[in-house]
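Before any comments, here is the structure.
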Amino acid sequence: MSYENWLTYLKSAEKNSMLSGKTRKVFYKFPDGNQMAEEYSMDTGVVQKRAWRKCKQLMGEPEWEVELGEDTRQLGSAGEKNDIRNDDGSFMVKVCNNEPILSKRITKKNVEWRIRNLPYPLEVYNVQADAEKRAIVVRTTNKKYYKVIPVPDLDRCGISPSQENIMVHHQYNTLIITYKKPEILCEMEAQVLLLLKDVETETDMEELLQGLLKK
């Protein structure tokens, strides 16, 4: 069980950092062509958003894939269908917001997933840690929903999810899955913050100027 490979990968990246309000934004460019963007709360030091852009393929620019935080492409009013395009307008998909929407957030002590638009009562859900899949698997007894939720945070530590760390709640048509962080994950996050301390951070000058003009 070790997160050394993850730290080594982060160290290998070209890193840029910017302070915007109470958020620190960090952008990584890795030697293998992958890119990662993160946002950290300056108040808590907890990462709030993480997204990946995989190595560019032969055709076109790959989209950002959201690992942590809200994927705004999924959001909208219930029943509404949203058009989504790439920056060049070349591609469009439809997202129906009656469909279950999965989002993830991290706190100091937990990893939390929320699955919206699931109206069934709590007893309908079966949430299991699957060591073979290295994931959390969500099923419903009425066979209306099935989801395999990867846990890359644990993968980076070299461990599988444990059933005893899972808590499940349901309210307002939302299934809330809370996973208590093991000690090794907290250690890894602390080491990442130490690594980022050495990255020079710029200030978002446009935002700073706007703030001064308002005074």
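Ordered as shown in the structure tokens, chains take letters A, B, and onward, while each chain numbers its residues from 1 and ligands are numbered from 1 in the order shown.
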Long-range neighbours of stretch 196-202 of chain A as a VMD selection string, 6 Å cut-off, only C-alpha atoms, 6 positions minimum in chain:
chain A and resid 17 to 19
Go ahead and write the selection's residues with N, CA, C and O atoms as a short mmCIF file (atom, residue, chain, number, x, y, z; two decimals), in the first residue's frame.
```cif
data_model
loop_
_atom_site.label_atom_id
_atom_site.label_comp_id
_atom_site.auth_asym_id
_atom_site.auth_seq_id
_atom_site.Cartn_x
_atom_site.Cartn_y
_atom_site.Cartn_z
N SER A 17 0.12 27.60 -11.18
CA SER A 17 -0.84 27.81 -10.10
C SER A 17 -1.29 29.26 -10.08
O SER A 17 -0.50 30.18 -10.32
N MET A 18 -2.59 29.46 -9.80
CA MET A 18 -3.15 30.80 -9.75
C MET A 18 -4.10 30.92 -8.57
O MET A 18 -4.88 30.00 -8.30
N LEU A 19 -4.05 32.05 -7.90
CA LEU A 19 -4.96 32.33 -6.79
C LEU A 19 -6.11 33.19 -7.30
O LEU A 19 -5.90 34.27 -7.86
#
```
Can you pull out the residues contacting A:Asn34? Cut-off 8 Å, using only C-alpha atoms, and skip same-chain residues under 3 positions away; I want them as a list of chain:residue names.
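Non-adjacent residues within range: A:Lys29, A:Phe30, A:Pro31, A:Trp52, A:Arg53, A:Lys54, A:Cys55, A:Lys56.
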Could those residues be written to a file, using all heavy atoms, as a PDB file, in the first residue's frame?
```pdb
ATOM      1  N   LYS A  29       0.688  19.619 -16.590  1.00  0.00           N
ATOM      2  CA  LYS A  29       0.952  19.028 -17.912  1.00  0.00           C
ATOM      3  C   LYS A  29       1.982  17.929 -17.713  1.00  0.00           C
ATOM      4  O   LYS A  29       3.122  18.189 -17.322  1.00  0.00           O
ATOM      5  CB  LYS A  29       1.473  20.078 -18.892  1.00  0.00           C
ATOM      6  CG  LYS A  29       0.442  21.138 -19.266  1.00  0.00           C
ATOM      7  CD  LYS A  29       1.006  22.159 -20.242  1.00  0.00           C
ATOM      8  CE  LYS A  29       1.227  21.521 -21.610  1.00  0.00           C
ATOM      9  NZ  LYS A  29       1.660  22.548 -22.599  1.00  0.00           N
ATOM     10  N   PHE A  30       1.553  16.676 -17.979  1.00  0.00           N
ATOM     11  CA  PHE A  30       2.396  15.518 -17.710  1.00  0.00           C
ATOM     12  C   PHE A  30       3.205  15.115 -18.946  1.00  0.00           C
ATOM     13  O   PHE A  30       2.787  15.378 -20.087  1.00  0.00           O
ATOM     14  CB  PHE A  30       1.531  14.347 -17.254  1.00  0.00           C
ATOM     15  CG  PHE A  30       0.822  14.584 -15.947  1.00  0.00           C
ATOM     16  CD1 PHE A  30      -0.494  15.039 -15.919  1.00  0.00           C
ATOM     17  CD2 PHE A  30       1.481  14.372 -14.742  1.00  0.00           C
ATOM     18  CE1 PHE A  30      -1.147  15.268 -14.718  1.00  0.00           C
ATOM     19  CE2 PHE A  30       0.826  14.601 -13.530  1.00  0.00           C
ATOM     20  CZ  PHE A  30      -0.489  15.050 -13.517  1.00  0.00           C
ATOM     21  N   PRO A  31       4.343  14.449 -18.745  1.00  0.00           N
ATOM     22  CA  PRO A  31       5.173  14.020 -19.871  1.00  0.00           C
ATOM     23  C   PRO A  31       4.453  13.094 -20.855  1.00  0.00           C
ATOM     24  O   PRO A  31       4.801  13.055 -22.041  1.00  0.00           O
ATOM     25  CB  PRO A  31       6.349  13.284 -19.186  1.00  0.00           C
ATOM     26  CG  PRO A  31       6.419  13.883 -17.821  1.00  0.00           C
ATOM     27  CD  PRO A  31       5.001  14.183 -17.436  1.00  0.00           C
ATOM     28  N   TRP A  52      -9.638  15.947 -15.944  1.00  0.00           N
ATOM     29  CA  TRP A  52      -8.548  15.415 -16.761  1.00  0.00           C
ATOM     30  C   TRP A  52      -8.816  15.663 -18.243  1.00  0.00           C
ATOM     31  O   TRP A  52      -9.954  15.579 -18.701  1.00  0.00           O
ATOM     32  CB  TRP A  52      -8.421  13.907 -16.551  1.00  0.00           C
ATOM     33  CG  TRP A  52      -7.884  13.506 -15.220  1.00  0.00           C
ATOM     34  CD1 TRP A  52      -8.607  13.278 -14.080  1.00  0.00           C
ATOM     35  CD2 TRP A  52      -6.522  13.258 -14.887  1.00  0.00           C
ATOM     36  NE1 TRP A  52      -7.776  12.912 -13.059  1.00  0.00           N
ATOM     37  CE2 TRP A  52      -6.497  12.886 -13.517  1.00  0.00           C
ATOM     38  CE3 TRP A  52      -5.327  13.312 -15.603  1.00  0.00           C
ATOM     39  CZ2 TRP A  52      -5.316  12.567 -12.868  1.00  0.00           C
ATOM     40  CZ3 TRP A  52      -4.153  13.001 -14.950  1.00  0.00           C
ATOM     41  CH2 TRP A  52      -4.143  12.626 -13.593  1.00  0.00           C
ATOM     42  N   ARG A  53      -7.757  15.938 -18.956  1.00  0.00           N
ATOM     43  CA  ARG A  53      -7.800  15.915 -20.419  1.00  0.00           C
ATOM     44  C   ARG A  53      -6.733  14.938 -20.867  1.00  0.00           C
ATOM     45  O   ARG A  53      -5.538  15.159 -20.659  1.00  0.00           O
ATOM     46  CB  ARG A  53      -7.552  17.304 -21.010  1.00  0.00           C
ATOM     47  CG  ARG A  53      -7.530  17.323 -22.536  1.00  0.00           C
ATOM     48  CD  ARG A  53      -7.300  18.732 -23.064  1.00  0.00           C
ATOM     49  NE  ARG A  53      -8.558  19.444 -23.209  1.00  0.00           N
ATOM     50  CZ  ARG A  53      -8.636  20.729 -23.551  1.00  0.00           C
ATOM     51  NH1 ARG A  53      -7.521  21.431 -23.708  1.00  0.00           N
ATOM     52  NH2 ARG A  53      -9.814  21.301 -23.705  1.00  0.00           N
ATOM     53  N   LYS A  54      -7.181  13.827 -21.443  1.00  0.00           N
ATOM     54  CA  LYS A  54      -6.254  12.768 -21.807  1.00  0.00           C
ATOM     55  C   LYS A  54      -5.418  13.174 -23.011  1.00  0.00           C
ATOM     56  O   LYS A  54      -5.729  14.128 -23.725  1.00  0.00           O
ATOM     57  CB  LYS A  54      -7.024  11.478 -22.101  1.00  0.00           C
ATOM     58  CG  LYS A  54      -7.859  10.976 -20.938  1.00  0.00           C
ATOM     59  CD  LYS A  54      -7.020  10.711 -19.698  1.00  0.00           C
ATOM     60  CE  LYS A  54      -7.858  10.132 -18.560  1.00  0.00           C
ATOM     61  NZ  LYS A  54      -7.058   9.907 -17.340  1.00  0.00           N
ATOM     62  N   CYS A  55      -4.356  12.414 -23.236  1.00  0.00           N
ATOM     63  CA  CYS A  55      -3.434  12.694 -24.330  1.00  0.00           C
ATOM     64  C   CYS A  55      -4.190  12.851 -25.640  1.00  0.00           C
ATOM     65  O   CYS A  55      -5.070  12.055 -25.969  1.00  0.00           O
ATOM     66  CB  CYS A  55      -2.417  11.561 -24.437  1.00  0.00           C
ATOM     67  SG  CYS A  55      -1.186  11.811 -25.725  1.00  0.00           S
ATOM     68  N   LYS A  56      -3.854  13.880 -26.397  1.00  0.00           N
ATOM     69  CA  LYS A  56      -4.547  14.199 -27.640  1.00  0.00           C
ATOM     70  C   LYS A  56      -4.440  13.056 -28.637  1.00  0.00           C
ATOM     71  O   LYS A  56      -3.370  12.497 -28.864  1.00  0.00           O
ATOM     72  CB  LYS A  56      -3.971  15.479 -28.249  1.00  0.00           C
ATOM     73  CG  LYS A  56      -4.730  15.983 -29.457  1.00  0.00           C
ATOM     74  CD  LYS A  56      -4.187  17.323 -29.916  1.00  0.00           C
ATOM     75  CE  LYS A  56      -4.970  17.851 -31.107  1.00  0.00           C
ATOM     76  NZ  LYS A  56      -4.451  19.167 -31.562  1.00  0.00           N
TER      77      LYS A  56
END
```
Within 12 Å of A:Asp155, counting only C-alpha atoms, which residues show up once you throw out same-chain ones fewer than 3 positions away? Write them as a PDB file with all heavy atoms, in the first residue's frame, please.
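Resulting contents of part36.pdb:
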```pdb
ATOM      1  N   MET A   1       0.843  -1.187   0.000  1.00  0.00           N
ATOM      2  CA  MET A   1       0.000   0.000   0.000  1.00  0.00           C
ATOM      3  C   MET A   1       0.888   1.251   0.000  1.00  0.00           C
ATOM      4  O   MET A   1       1.591   1.517   0.965  1.00  0.00           O
ATOM      5  CB  MET A   1      -0.920   0.005   1.216  1.00  0.00           C
ATOM      6  CG  MET A   1      -1.912  -1.148   1.275  1.00  0.00           C
ATOM      7  SD  MET A   1      -3.084  -0.958   2.629  1.00  0.00           S
ATOM      8  CE  MET A   1      -1.974  -1.021   4.048  1.00  0.00           C
ATOM      9  N   SER A   2       0.879   1.985  -1.095  1.00  0.00           N
ATOM     10  CA  SER A   2       1.738   3.145  -1.182  1.00  0.00           C
ATOM     11  C   SER A   2       1.207   4.121  -2.217  1.00  0.00           C
ATOM     12  O   SER A   2       0.604   3.712  -3.221  1.00  0.00           O
ATOM     13  CB  SER A   2       3.159   2.722  -1.557  1.00  0.00           C
ATOM     14  OG  SER A   2       3.973   3.853  -1.776  1.00  0.00           O
ATOM     15  N   TYR A   3       1.407   5.395  -1.959  1.00  0.00           N
ATOM     16  CA  TYR A   3       1.007   6.425  -2.912  1.00  0.00           C
ATOM     17  C   TYR A   3       2.222   7.053  -3.602  1.00  0.00           C
ATOM     18  O   TYR A   3       2.113   8.100  -4.238  1.00  0.00           O
ATOM     19  CB  TYR A   3       0.207   7.512  -2.191  1.00  0.00           C
ATOM     20  CG  TYR A   3       0.803   7.969  -0.880  1.00  0.00           C
ATOM     21  CD1 TYR A   3       1.892   8.843  -0.840  1.00  0.00           C
ATOM     22  CD2 TYR A   3       0.274   7.522   0.320  1.00  0.00           C
ATOM     23  CE1 TYR A   3       2.433   9.256   0.358  1.00  0.00           C
ATOM     24  CE2 TYR A   3       0.819   7.942   1.528  1.00  0.00           C
ATOM     25  CZ  TYR A   3       1.896   8.807   1.539  1.00  0.00           C
ATOM     26  OH  TYR A   3       2.444   9.217   2.732  1.00  0.00           O
ATOM     27  N   GLU A   4       3.382   6.427  -3.467  1.00  0.00           N
ATOM     28  CA  GLU A   4       4.607   6.998  -4.017  1.00  0.00           C
ATOM     29  C   GLU A   4       4.522   7.173  -5.538  1.00  0.00           C
ATOM     30  O   GLU A   4       5.046   8.151  -6.084  1.00  0.00           O
ATOM     31  CB  GLU A   4       5.816   6.137  -3.649  1.00  0.00           C
ATOM     32  CG  GLU A   4       6.212   6.226  -2.194  1.00  0.00           C
ATOM     33  CD  GLU A   4       6.544   7.645  -1.748  1.00  0.00           C
ATOM     34  OE1 GLU A   4       7.140   8.395  -2.547  1.00  0.00           O
ATOM     35  OE2 GLU A   4       6.186   7.998  -0.617  1.00  0.00           O
ATOM     36  N   ASN A   5       3.884   6.220  -6.220  1.00  0.00           N
ATOM     37  CA  ASN A   5       3.775   6.340  -7.678  1.00  0.00           C
ATOM     38  C   ASN A   5       2.974   7.579  -8.076  1.00  0.00           C
ATOM     39  O   ASN A   5       3.304   8.259  -9.058  1.00  0.00           O
ATOM     40  CB  ASN A   5       3.128   5.083  -8.272  1.00  0.00           C
ATOM     41  CG  ASN A   5       4.039   3.886  -8.237  1.00  0.00           C
ATOM     42  OD1 ASN A   5       5.253   4.018  -8.098  1.00  0.00           O
ATOM     43  ND2 ASN A   5       3.460   2.696  -8.357  1.00  0.00           N
ATOM     44  N   TRP A   6       1.925   7.879  -7.302  1.00  0.00           N
ATOM     45  CA  TRP A   6       1.112   9.063  -7.594  1.00  0.00           C
ATOM     46  C   TRP A   6       1.927  10.342  -7.353  1.00  0.00           C
ATOM     47  O   TRP A   6       1.893  11.269  -8.170  1.00  0.00           O
ATOM     48  CB  TRP A   6      -0.141   9.040  -6.733  1.00  0.00           C
ATOM     49  CG  TRP A   6      -1.017  10.246  -6.876  1.00  0.00           C
ATOM     50  CD1 TRP A   6      -1.361  11.126  -5.885  1.00  0.00           C
ATOM     51  CD2 TRP A   6      -1.691  10.714  -8.053  1.00  0.00           C
ATOM     52  NE1 TRP A   6      -2.185  12.110  -6.373  1.00  0.00           N
ATOM     53  CE2 TRP A   6      -2.411  11.884  -7.699  1.00  0.00           C
ATOM     54  CE3 TRP A   6      -1.743  10.257  -9.368  1.00  0.00           C
ATOM     55  CZ2 TRP A   6      -3.171  12.597  -8.615  1.00  0.00           C
ATOM     56  CZ3 TRP A   6      -2.506  10.978 -10.289  1.00  0.00           C
ATOM     57  CH2 TRP A   6      -3.204  12.133  -9.906  1.00  0.00           C
ATOM     58  N   ALA A 131     -14.076  -5.293  -4.144  1.00  0.00           N
ATOM     59  CA  ALA A 131     -12.611  -5.313  -4.184  1.00  0.00           C
ATOM     60  C   ALA A 131     -12.102  -5.711  -5.565  1.00  0.00           C
ATOM     61  O   ALA A 131     -11.074  -5.203  -6.023  1.00  0.00           O
ATOM     62  CB  ALA A 131     -12.072  -6.266  -3.121  1.00  0.00           C
ATOM     63  N   LYS A 133     -13.542  -5.183  -8.536  1.00  0.00           N
ATOM     64  CA  LYS A 133     -13.702  -4.044  -9.451  1.00  0.00           C
ATOM     65  C   LYS A 133     -12.964  -2.809  -8.951  1.00  0.00           C
ATOM     66  O   LYS A 133     -12.850  -1.822  -9.673  1.00  0.00           O
ATOM     67  CB  LYS A 133     -15.188  -3.700  -9.622  1.00  0.00           C
ATOM     68  CG  LYS A 133     -16.000  -4.714 -10.400  1.00  0.00           C
ATOM     69  CD  LYS A 133     -17.428  -4.203 -10.595  1.00  0.00           C
ATOM     70  CE  LYS A 133     -18.238  -5.084 -11.537  1.00  0.00           C
ATOM     71  NZ  LYS A 133     -18.505  -6.411 -10.976  1.00  0.00           N
ATOM     72  N   ARG A 134     -12.506  -2.846  -7.680  1.00  0.00           N
ATOM     73  CA  ARG A 134     -11.864  -1.694  -7.049  1.00  0.00           C
ATOM     74  C   ARG A 134     -12.783  -0.478  -7.140  1.00  0.00           C
ATOM     75  O   ARG A 134     -12.378   0.627  -7.513  1.00  0.00           O
ATOM     76  CB  ARG A 134     -10.495  -1.405  -7.679  1.00  0.00           C
ATOM     77  CG  ARG A 134      -9.532  -2.582  -7.606  1.00  0.00           C
ATOM     78  CD  ARG A 134      -8.185  -2.239  -8.173  1.00  0.00           C
ATOM     79  NE  ARG A 134      -7.440  -1.337  -7.290  1.00  0.00           N
ATOM     80  CZ  ARG A 134      -6.710  -1.727  -6.256  1.00  0.00           C
ATOM     81  NH1 ARG A 134      -6.653  -3.021  -5.937  1.00  0.00           N
ATOM     82  NH2 ARG A 134      -6.061  -0.863  -5.520  1.00  0.00           N
ATOM     83  N   ALA A 135     -14.045  -0.719  -6.793  1.00  0.00           N
ATOM     84  CA  ALA A 135     -15.071   0.301  -6.979  1.00  0.00           C
ATOM     85  C   ALA A 135     -16.183   0.102  -5.966  1.00  0.00           C
ATOM     86  O   ALA A 135     -16.232  -0.899  -5.249  1.00  0.00           O
ATOM     87  CB  ALA A 135     -15.633   0.226  -8.396  1.00  0.00           C
ATOM     88  N   PRO A 150     -16.001   4.203  -9.700  1.00  0.00           N
ATOM     89  CA  PRO A 150     -14.574   4.031  -9.408  1.00  0.00           C
ATOM     90  C   PRO A 150     -14.141   4.948  -8.273  1.00  0.00           C
ATOM     91  O   PRO A 150     -14.752   5.993  -8.029  1.00  0.00           O
ATOM     92  CB  PRO A 150     -13.895   4.420 -10.736  1.00  0.00           C
ATOM     93  CG  PRO A 150     -14.869   5.339 -11.403  1.00  0.00           C
ATOM     94  CD  PRO A 150     -16.241   4.869 -10.995  1.00  0.00           C
ATOM     95  N   VAL A 151     -13.090   4.537  -7.584  1.00  0.00           N
ATOM     96  CA  VAL A 151     -12.566   5.340  -6.472  1.00  0.00           C
ATOM     97  C   VAL A 151     -11.069   5.565  -6.724  1.00  0.00           C
ATOM     98  O   VAL A 151     -10.215   4.917  -6.099  1.00  0.00           O
ATOM     99  CB  VAL A 151     -12.802   4.669  -5.104  1.00  0.00           C
ATOM    100  CG1 VAL A 151     -12.550   5.659  -3.971  1.00  0.00           C
ATOM    101  CG2 VAL A 151     -14.213   4.108  -4.999  1.00  0.00           C
ATOM    102  N   PRO A 152     -10.733   6.472  -7.636  1.00  0.00           N
ATOM    103  CA  PRO A 152      -9.324   6.668  -7.984  1.00  0.00           C
ATOM    104  C   PRO A 152      -8.468   7.122  -6.818  1.00  0.00           C
ATOM    105  O   PRO A 152      -7.263   6.845  -6.784  1.00  0.00           O
ATOM    106  CB  PRO A 152      -9.379   7.735  -9.090  1.00  0.00           C
ATOM    107  CG  PRO A 152     -10.708   8.409  -8.933  1.00  0.00           C
ATOM    108  CD  PRO A 152     -11.625   7.354  -8.416  1.00  0.00           C
ATOM    109  N   GLY A 158      -3.106   2.481  -3.587  1.00  0.00           N
ATOM    110  CA  GLY A 158      -2.883   1.051  -3.728  1.00  0.00           C
ATOM    111  C   GLY A 158      -3.793   0.189  -2.878  1.00  0.00           C
ATOM    112  O   GLY A 158      -3.437  -0.942  -2.534  1.00  0.00           O
ATOM    113  N   ILE A 159      -4.992   0.706  -2.532  1.00  0.00           N
ATOM    114  CA  ILE A 159      -5.921  -0.063  -1.715  1.00  0.00           C
ATOM    115  C   ILE A 159      -7.297  -0.131  -2.385  1.00  0.00           C
ATOM    116  O   ILE A 159      -7.628   0.689  -3.245  1.00  0.00           O
ATOM    117  CB  ILE A 159      -6.066   0.521  -0.297  1.00  0.00           C
ATOM    118  CG1 ILE A 159      -6.579   1.968  -0.344  1.00  0.00           C
ATOM    119  CG2 ILE A 159      -4.740   0.443   0.446  1.00  0.00           C
ATOM    120  CD1 ILE A 159      -6.837   2.573   1.022  1.00  0.00           C
ATOM    121  N   SER A 160      -8.087  -1.107  -1.967  1.00  0.00           N
ATOM    122  CA  SER A 160      -9.447  -1.273  -2.471  1.00  0.00           C
ATOM    123  C   SER A 160     -10.434  -0.692  -1.465  1.00  0.00           C
ATOM    124  O   SER A 160     -10.133  -0.587  -0.271  1.00  0.00           O
ATOM    125  CB  SER A 160      -9.749  -2.762  -2.686  1.00  0.00           C
ATOM    126  OG  SER A 160      -8.878  -3.318  -3.633  1.00  0.00           O
ATOM    127  N   PRO A 161     -11.641  -0.350  -1.917  1.00  0.00           N
ATOM    128  CA  PRO A 161     -12.651   0.159  -0.975  1.00  0.00           C
ATOM    129  C   PRO A 161     -13.068  -0.904   0.023  1.00  0.00           C
ATOM    130  O   PRO A 161     -13.076  -2.097  -0.276  1.00  0.00           O
ATOM    131  CB  PRO A 161     -13.811   0.579  -1.889  1.00  0.00           C
ATOM    132  CG  PRO A 161     -13.594  -0.153  -3.171  1.00  0.00           C
ATOM    133  CD  PRO A 161     -12.127  -0.334  -3.313  1.00  0.00           C
ATOM    134  N   ILE A 184      -4.232   6.317   5.215  1.00  0.00           N
ATOM    135  CA  ILE A 184      -3.248   6.443   4.141  1.00  0.00           C
ATOM    136  C   ILE A 184      -3.687   7.479   3.104  1.00  0.00           C
ATOM    137  O   ILE A 184      -2.852   8.184   2.521  1.00  0.00           O
ATOM    138  CB  ILE A 184      -2.986   5.071   3.467  1.00  0.00           C
ATOM    139  CG1 ILE A 184      -1.787   5.179   2.520  1.00  0.00           C
ATOM    140  CG2 ILE A 184      -4.225   4.559   2.738  1.00  0.00           C
ATOM    141  CD1 ILE A 184      -1.340   3.844   1.958  1.00  0.00           C
ATOM    142  N   LEU A 185      -4.982   7.627   2.885  1.00  0.00           N
ATOM    143  CA  LEU A 185      -5.469   8.636   1.947  1.00  0.00           C
ATOM    144  C   LEU A 185      -5.249  10.042   2.509  1.00  0.00           C
ATOM    145  O   LEU A 185      -4.843  10.960   1.789  1.00  0.00           O
ATOM    146  CB  LEU A 185      -6.946   8.407   1.637  1.00  0.00           C
ATOM    147  CG  LEU A 185      -7.629   9.444   0.732  1.00  0.00           C
ATOM    148  CD1 LEU A 185      -6.860   9.645  -0.566  1.00  0.00           C
ATOM    149  CD2 LEU A 185      -9.068   9.021   0.445  1.00  0.00           C
ATOM    150  N   MET A 188      -1.646  10.858   2.014  1.00  0.00           N
ATOM    151  CA  MET A 188      -1.341  11.188   0.626  1.00  0.00           C
ATOM    152  C   MET A 188      -1.754  12.625   0.305  1.00  0.00           C
ATOM    153  O   MET A 188      -1.001  13.381  -0.324  1.00  0.00           O
ATOM    154  CB  MET A 188      -2.047  10.223  -0.329  1.00  0.00           C
ATOM    155  CG  MET A 188      -1.711  10.479  -1.800  1.00  0.00           C
ATOM    156  SD  MET A 188      -2.686   9.458  -2.935  1.00  0.00           S
ATOM    157  CE  MET A 188      -4.280  10.293  -2.832  1.00  0.00           C
TER     158      MET A 188
END
```
Give the answer as one residue: which of A:Asp130, A:Glu112, A:Glu38, A:Glu14 has the shortest atom-to-atom distance to A:Lys147, using only C-alpha atoms?
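Smallest separation from A:Lys147 among the options: A:Asp130.
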Using only C-alpha atoms, which protein or nucleic acid residues come within 10 Å of A:Leu7? Drop anything in the same chain fewer than 5 positions from it, and give the result as a list in words.
Ser2, Ser12, Arg156, Met188, Glu189, Gln191, Val192 and Leu195 of chain A
Could you write out that same residue set with N, CA, C and O atoms as a compact mmCIF listing (two decimals), in the first residue's frame?
```txt
# COMPACT_ATOMS: atom_id res chain seq x y z
N SER A 2 0.88 1.98 -1.10
CA SER A 2 1.74 3.15 -1.18
C SER A 2 1.21 4.12 -2.22
O SER A 2 0.60 3.71 -3.22
N SER A 12 6.46 14.84 -11.79
CA SER A 12 6.95 14.84 -13.17
C SER A 12 6.28 15.90 -14.03
O SER A 12 6.75 16.22 -15.12
N ARG A 156 -4.89 5.30 -6.04
CA ARG A 156 -3.59 6.00 -5.95
C ARG A 156 -2.84 5.63 -4.68
O ARG A 156 -1.63 5.81 -4.61
N MET A 188 -1.65 10.86 2.01
CA MET A 188 -1.34 11.19 0.63
C MET A 188 -1.75 12.62 0.30
O MET A 188 -1.00 13.38 -0.32
N GLU A 189 -2.94 13.01 0.76
CA GLU A 189 -3.41 14.37 0.49
C GLU A 189 -2.50 15.41 1.14
O GLU A 189 -2.23 16.47 0.56
N GLN A 191 0.70 15.03 1.70
CA GLN A 191 1.94 15.05 0.93
C GLN A 191 1.77 15.84 -0.37
O GLN A 191 2.70 16.54 -0.82
N VAL A 192 0.61 15.75 -0.98
CA VAL A 192 0.34 16.53 -2.20
C VAL A 192 0.36 18.02 -1.88
O VAL A 192 0.92 18.83 -2.64
N LEU A 195 3.83 19.18 -1.61
CA LEU A 195 4.41 19.29 -2.95
C LEU A 195 4.00 20.61 -3.61
O LEU A 195 4.82 21.30 -4.22
```
Work out how far atom CA of A:Gln48 is from atom CA of A:Gly69, in Å to one decimal.
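Interatomic distance, atom CA of A:Gly69 to atom CA of A:Gln48: 6.2 Å.
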Could you list, as a PDB file with N, CA and C atoms, in the first residue's frame, every residue within 8 Å of A:Val47, counting only C-alpha atoms and ignoring same-chain residues fewer than 4 positions away?
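In the end it all went to around-v8.pdb:
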```
ATOM      1  N   GLU A  38      -6.943  21.275 -11.119  1.00  0.00           N
ATOM      2  CA  GLU A  38      -7.509  21.139  -9.778  1.00  0.00           C
ATOM      3  C   GLU A  38      -7.834  22.516  -9.211  1.00  0.00           C
ATOM      4  N   GLU A  39      -8.806  22.529  -8.279  1.00  0.00           N
ATOM      5  CA  GLU A  39      -9.100  23.734  -7.517  1.00  0.00           C
ATOM      6  C   GLU A  39      -9.129  23.367  -6.038  1.00  0.00           C
ATOM      7  N   TYR A  40      -8.407  24.152  -5.236  1.00  0.00           N
ATOM      8  CA  TYR A  40      -8.315  23.919  -3.796  1.00  0.00           C
ATOM      9  C   TYR A  40      -8.926  25.092  -3.030  1.00  0.00           C
ATOM     10  N   SER A  41      -9.622  24.793  -1.959  1.00  0.00           N
ATOM     11  CA  SER A  41     -10.111  25.826  -1.056  1.00  0.00           C
ATOM     12  C   SER A  41      -8.940  26.360  -0.243  1.00  0.00           C
ATOM     13  N   ILE A 106     -15.131  16.054  -1.874  1.00  0.00           N
ATOM     14  CA  ILE A 106     -14.211  15.585  -0.842  1.00  0.00           C
ATOM     15  C   ILE A 106     -14.235  16.564   0.317  1.00  0.00           C
TER      16      ILE A 106
END
```
Which residue is closest to A:Tyr172? Choose from A:Gly21, A:Gln128, A:Pro121, A:Val148 and count only C-alpha atoms.
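Of the candidates, the smallest distance to A:Tyr172 is held by A:Pro121.
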Identify, on the basis of only C-alpha atoms, every residue whose closest approach to A:Met36 does not exceed 6 Å; exclude the query and any residue fewer than 4 positions from it along the same chain; express the result as an MDAnalysis selection string.
chainID A and resid 27:28 51:52
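Of the residues under consideration (A:Val46, A:Leu68, A:Leu193, A:Cys186), A:Leu68 shows the shortest atom-to-atom contact distance to A:Ser103 when counting only C-alpha atoms.
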List every residue of stretch 87-151 of chain A that has an atom at most 8 Å from any atom of stretch 177-181 of chain A, giving for each one its closest atom pair and the distance in Å to one decimal, counting only C-alpha atoms, sorted by chain and then by ascending residue number, as a Markdown table.
```
| residue | atom | partner | partner_atom | distance |
| --- | --- | --- | --- | --- |
| A:Lys109 | CA | A:Lys181 | CA | 5.7 |
| A:Asn110 | CA | A:Lys180 | CA | 4.6 |
| A:Val111 | CA | A:Tyr179 | CA | 5.1 |
| A:Glu112 | CA | A:Thr178 | CA | 4.5 |
| A:Trp113 | CA | A:Ile177 | CA | 5.2 |
| A:Arg114 | CA | A:Ile177 | CA | 6.4 |
```
Between atom CA of A:Lys143 and atom CA of A:Pro119, what is the distance in Å, rounded to a tenth?
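Computing it gives 13.4 Å between the two atoms.
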Report, in Å with one decimal, the straight-line distance from atom CA of A:Met42 to atom CA of A:Ala190.
14.1 Å
Extract the full set of alpha helix (DSSP H) residues from stretch 86-212 of chain A according to DSSP on the backbone, and format it as a ChimeraX atom specification.
/A:152-155,183-196,205-212
